[in-house]
Amino acid sequence: MIAKKVQAMLEQQDVEVVMTREEDTGLYDENASNKKAQDLKNRCALINETQPDCVVSIHQNSYHEEYVSGAQVFYYGTSVDAQRLAETLQAKLVSYLDPENTRQAKANESYYLLKKTEAPIAIVECGFLSNWEEAKLLQEESYQSRVAWAVAMGVMEYLSESLHQ
């Protein structure tokens with residue numbers, strides 16, 4: 001739901017949005033031996049074919065310690081543009097959702113999606129489903145809208161700055 005809200009908000013601002021999927025299904029063949037690998041490969045292919053100005057992949061996090069909470073954004077460590085996108089998104093998530101959140105945008109060299117995508121890309125972990133308070137918030141329509149607003153505003157700021165460089 002958050003991704004669709006972001007899509008609607010960006011499209012209202014005349015931003016062309018390409019979703020890697022429209023439904024809650026993977027991009028793989030049912031008889032694939034490794035559905036997750038095929039899904040990721042197909043997402044990367046779609047992104048690289050489309051050549052977008054930026055990519056935002058929206059997720060919910062989980063951790064073995066219930067107390068862990070807070071939105072966090074990841075980017076591929078050697079991409080200056082992806083770092084700028086991730087830091088912009090992280091700042092919006094903190095300011096619009098949780099000013100107490102001390103998480104920073106974080107480089108990651110192991111996530112397949114980050115490694116294999118040519119466009120500046122950020123993975124947005126909107127919160128932790130393993131934290132019962134945050135999981136409850138993430139189910140609320142109003143909170144999902146606030147998360148989507150933060151992401152959309154981060155994308156708009158990134159695109160605006162990119163145009164002026």
# chains A, B, ... in the order shown; residues from 1 in each chain; ligands from 1
$ closest_atom_pairs --of "segment 88-131 of chain A" --to "segment 68-81 of chain A" --cutoff "7 Å" --atoms "only C-alpha atoms" --output "CSV"
residue,atom,partner,partner_atom,distance
A:Gln90,CA,A:Val73,CA,5.8
A:Leu93,CA,A:Ala71,CA,6.8
A:Asn101,CA,A:Gly70,CA,5.8
A:Arg103,CA,A:Gln72,CA,6.2
A:Gln104,CA,A:Gln72,CA,6.7
A:Ala105,CA,A:Val73,CA,4.9
A:Lys106,CA,A:Phe74,CA,4.8
A:Ala107,CA,A:Gly77,CA,4.5
A:Asn108,CA,A:Tyr76,CA,5.3
A:Glu109,CA,A:Tyr76,CA,5.6
A:Leu114,CA,A:Tyr76,CA,5.3
A:Lys115,CA,A:Tyr76,CA,6.5
A:Pro120,CA,A:Asp81,CA,5.6
A:Ile121,CA,A:Tyr75,CA,6.3
A:Ala122,CA,A:Tyr75,CA,4.9
A:Ile123,CA,A:Phe74,CA,5.0
A:Val124,CA,A:Val73,CA,4.5
A:Glu125,CA,A:Gln72,CA,5.2
A:Cys126,CA,A:Ala71,CA,4.6
A:Gly127,CA,A:Ala71,CA,4.6
A:Phe128,CA,A:Ser69,CA,5.5
A:Asn131,CA,A:Ser69,CA,6.3
$ write_last_selection --atoms "N, CA and C atoms" --output "mmCIF file, in the first residue's frame"
data_model
loop_
_atom_site.group_PDB
_atom_site.id
_atom_site.type_symbol
_atom_site.label_atom_id
_atom_site.label_comp_id
_atom_site.auth_asym_id
_atom_site.auth_seq_id
_atom_site.Cartn_x
_atom_site.Cartn_y
_atom_site.Cartn_z
ATOM 1 N N GLN A 90 16.179 9.473 3.954
ATOM 2 C CA GLN A 90 16.328 9.245 5.399
ATOM 3 C C GLN A 90 15.950 10.502 6.174
ATOM 4 N N LEU A 93 12.170 10.878 6.202
ATOM 5 C CA LEU A 93 11.542 9.895 7.083
ATOM 6 C C LEU A 93 11.696 10.288 8.549
ATOM 7 N N ASN A 101 14.412 9.183 15.745
ATOM 8 C CA ASN A 101 15.126 8.154 14.985
ATOM 9 C C ASN A 101 16.526 8.669 14.655
ATOM 10 N N ARG A 103 18.837 6.775 13.143
ATOM 11 C CA ARG A 103 19.415 5.994 12.049
ATOM 12 C C ARG A 103 19.877 6.918 10.925
ATOM 13 N N GLN A 104 20.938 6.497 10.264
ATOM 14 C CA GLN A 104 21.482 7.227 9.123
ATOM 15 C C GLN A 104 21.320 6.358 7.875
ATOM 16 N N ALA A 105 21.287 7.000 6.709
ATOM 17 C CA ALA A 105 21.332 6.236 5.459
ATOM 18 C C ALA A 105 22.609 5.409 5.502
ATOM 19 N N LYS A 106 22.531 4.176 5.057
ATOM 20 C CA LYS A 106 23.643 3.251 5.241
ATOM 21 C C LYS A 106 24.042 2.586 3.925
ATOM 22 N N ALA A 107 25.341 2.575 3.669
ATOM 23 C CA ALA A 107 25.868 1.897 2.481
ATOM 24 C C ALA A 107 25.755 0.394 2.663
ATOM 25 N N ASN A 108 25.510 -0.291 1.546
ATOM 26 C CA ASN A 108 25.456 -1.743 1.566
ATOM 27 C C ASN A 108 25.943 -2.249 0.217
ATOM 28 N N GLU A 109 26.931 -3.099 0.247
ATOM 29 C CA GLU A 109 27.479 -3.638 -0.994
ATOM 30 C C GLU A 109 26.995 -5.055 -1.292
ATOM 31 N N LEU A 114 20.797 -3.473 -5.160
ATOM 32 C CA LEU A 114 21.680 -2.302 -5.163
ATOM 33 C C LEU A 114 22.865 -2.504 -6.095
ATOM 34 N N LYS A 115 23.392 -3.714 -6.122
ATOM 35 C CA LYS A 115 24.583 -4.010 -6.933
ATOM 36 C C LYS A 115 24.288 -4.057 -8.422
ATOM 37 N N PRO A 120 20.525 5.374 -9.838
ATOM 38 C CA PRO A 120 20.633 5.603 -8.391
ATOM 39 C C PRO A 120 19.448 4.932 -7.694
ATOM 40 N N ILE A 121 19.731 4.088 -6.727
ATOM 41 C CA ILE A 121 18.672 3.315 -6.075
ATOM 42 C C ILE A 121 18.833 3.358 -4.563
ATOM 43 N N ALA A 122 17.701 3.405 -3.882
ATOM 44 C CA ALA A 122 17.679 3.348 -2.428
ATOM 45 C C ALA A 122 16.629 2.329 -2.004
ATOM 46 N N ILE A 123 16.971 1.551 -1.013
ATOM 47 C CA ILE A 123 16.017 0.627 -0.403
ATOM 48 C C ILE A 123 15.526 1.278 0.877
ATOM 49 N N VAL A 124 14.232 1.504 0.951
ATOM 50 C CA VAL A 124 13.629 2.146 2.118
ATOM 51 C C VAL A 124 12.982 1.067 2.975
ATOM 52 N N GLU A 125 13.536 0.875 4.150
ATOM 53 C CA GLU A 125 12.930 -0.004 5.154
ATOM 54 C C GLU A 125 12.058 0.904 6.017
ATOM 55 N N CYS A 126 10.744 0.830 5.849
ATOM 56 C CA CYS A 126 9.813 1.776 6.466
ATOM 57 C C CYS A 126 9.666 1.603 7.969
ATOM 58 N N GLY A 127 10.092 0.493 8.484
ATOM 59 C CA GLY A 127 9.983 0.218 9.905
ATOM 60 C C GLY A 127 10.153 -1.278 10.140
ATOM 61 N N PHE A 128 10.088 -1.661 11.405
ATOM 62 C CA PHE A 128 10.339 -3.050 11.792
ATOM 63 C C PHE A 128 9.043 -3.762 12.167
ATOM 64 N N ASN A 131 8.981 -5.230 15.688
ATOM 65 C CA ASN A 131 8.681 -4.352 16.817
ATOM 66 C C ASN A 131 7.168 -4.166 16.829
#
$ residues_around --residues "Leu40 of chain A" --least-positions-apart "5" --cutoff "9 Å" --atoms "only C-alpha atoms" --output "ChimeraX atom specification"
/A:26-28,35,45,112-113
$ write_last_selection --atoms "N, CA and C atoms" --output "tab-separated table (two decimals), in the first residue's frame"
chain	number	residue	atom	x	y	z
A	26	GLY	N	5.43	-11.96	-7.08
A	26	GLY	CA	6.80	-11.82	-7.54
A	26	GLY	C	6.91	-11.84	-9.05
A	27	LEU	N	8.07	-11.41	-9.53
A	27	LEU	CA	8.34	-11.42	-10.97
A	27	LEU	C	9.14	-12.67	-11.31
A	28	TYR	N	8.47	-13.82	-11.24
A	28	TYR	CA	9.13	-15.09	-11.50
A	28	TYR	C	8.13	-16.07	-12.10
A	35	LYS	N	12.86	-18.87	-7.06
A	35	LYS	CA	11.93	-17.78	-7.36
A	35	LYS	C	12.48	-16.42	-6.93
A	45	ALA	N	16.43	-6.10	-14.40
A	45	ALA	CA	16.33	-5.97	-15.87
A	45	ALA	C	15.31	-4.89	-16.23
A	112	TYR	N	21.60	-7.48	-3.68
A	112	TYR	CA	21.60	-7.73	-5.13
A	112	TYR	C	21.00	-6.55	-5.90
A	113	LEU	N	19.86	-6.07	-5.44
A	113	LEU	CA	19.17	-4.99	-6.12
A	113	LEU	C	20.04	-3.74	-6.21
$ closest_residue --among "A:Arg146, A:Lys41, A:Lys116, A:Arg21" --to "Met9 of chain A" --atoms "only C-alpha atoms"
A:Arg146
$ select_by_dssp --residues "segment 72-138 of chain A" --states "helix (DSSP H, G or I)" --output "count of residues only"
29
$ closest_residue --among "A:Glu118, A:Met156, A:Ser162, A:Tyr67" --to "Ala135 of chain A" --atoms "only C-alpha atoms"
A:Tyr67
$ atom_distance --atom1 "atom CA of Ser95 of chain A" --atom2 "atom CA of Val147 of chain A"
10.7 Å
$ select_by_dssp --residues "segment 20-86 of chain A" --states "strand (DSSP E or B)" --output "list in words"
Val55, Val56, Ser57, Ile58, His59, Gln60, Asn61, Gln72, Val73, Phe74 and Tyr75 of chain A
$ write_last_selection --atoms "C-alpha atoms" --output "PDB file, in the first residue's frame"
ATOM      1  CA  VAL A  55      14.671   4.017  -7.970  1.00  0.00           C
ATOM      2  CA  VAL A  56      13.053   3.564  -4.581  1.00  0.00           C
ATOM      3  CA  SER A  57      12.392   0.050  -3.344  1.00  0.00           C
ATOM      4  CA  ILE A  58       9.988  -0.009  -0.390  1.00  0.00           C
ATOM      5  CA  HIS A  59      10.168  -2.703   2.289  1.00  0.00           C
ATOM      6  CA  GLN A  60       9.366  -3.517   5.906  1.00  0.00           C
ATOM      7  CA  ASN A  61      12.254  -4.607   8.093  1.00  0.00           C
ATOM      8  CA  GLN A  72      16.280   3.246   7.506  1.00  0.00           C
ATOM      9  CA  VAL A  73      17.452   3.710   3.942  1.00  0.00           C
ATOM     10  CA  PHE A  74      20.203   1.715   2.201  1.00  0.00           C
ATOM     11  CA  TYR A  75      22.230   2.534  -0.907  1.00  0.00           C
TER      12      TYR A  75
END
$ residues_around --residues "Leu46 of chain A" --least-positions-apart "6" --cutoff "10 Å" --atoms "only C-alpha atoms" --output "PyMOL selection string"
chain A and resi 18-20+40+117
$ write_last_selection --atoms "N, CA and C atoms" --output "PDB file, in the first residue's frame"
ATOM      1  N   VAL A  18       7.290   4.230 -12.787  1.00  0.00           N
ATOM      2  CA  VAL A  18       7.211   2.871 -13.302  1.00  0.00           C
ATOM      3  C   VAL A  18       7.338   1.933 -12.103  1.00  0.00           C
ATOM      4  N   MET A  19       6.315   1.136 -11.899  1.00  0.00           N
ATOM      5  CA  MET A  19       6.332   0.178 -10.792  1.00  0.00           C
ATOM      6  C   MET A  19       6.917  -1.137 -11.316  1.00  0.00           C
ATOM      7  N   THR A  20       7.767  -1.779 -10.528  1.00  0.00           N
ATOM      8  CA  THR A  20       8.292  -3.078 -10.960  1.00  0.00           C
ATOM      9  C   THR A  20       7.219  -4.153 -10.843  1.00  0.00           C
ATOM     10  N   LEU A  40      14.422 -11.038  -8.386  1.00  0.00           N
ATOM     11  CA  LEU A  40      15.390  -9.941  -8.302  1.00  0.00           C
ATOM     12  C   LEU A  40      16.031  -9.643  -9.655  1.00  0.00           C
ATOM     13  N   THR A 117      21.689  -2.712 -10.255  1.00  0.00           N
ATOM     14  CA  THR A 117      20.855  -1.675 -10.846  1.00  0.00           C
ATOM     15  C   THR A 117      21.724  -0.495 -11.246  1.00  0.00           C
TER      16      THR A 117
END
$ atom_distance --atom1 "atom CA of Tyr143 of chain A" --atom2 "atom CA of Val155 of chain A"
18.4 Å
$ residues_around --residues "Val17 of chain A" --least-positions-apart "6" --cutoff "9 Å" --atoms "only C-alpha atoms" --output "list of chain:residue names"
A:Gln7, A:Ala8, A:Leu10, A:Glu11, A:Pro52
$ write_last_selection --atoms "N, CA and C atoms" --output "CSV table (one decimal), in the first residue's frame"
chain,number,residue,atom,x,y,z
A,7,GLN,N,3.4,6.3,-5.4
A,7,GLN,CA,3.1,6.4,-6.8
A,7,GLN,C,2.1,7.5,-7.1
A,8,ALA,N,1.0,7.5,-6.4
A,8,ALA,CA,-0.1,8.4,-6.6
A,8,ALA,C,0.4,9.9,-6.3
A,10,LEU,N,3.5,11.0,-6.4
A,10,LEU,CA,4.5,11.5,-7.4
A,10,LEU,C,3.8,11.8,-8.7
A,11,GLU,N,2.8,11.0,-9.1
A,11,GLU,CA,2.1,11.2,-10.3
A,11,GLU,C,1.3,12.5,-10.3
A,52,PRO,N,15.5,4.8,-15.3
A,52,PRO,CA,14.8,5.9,-14.5
A,52,PRO,C,15.9,6.9,-13.9
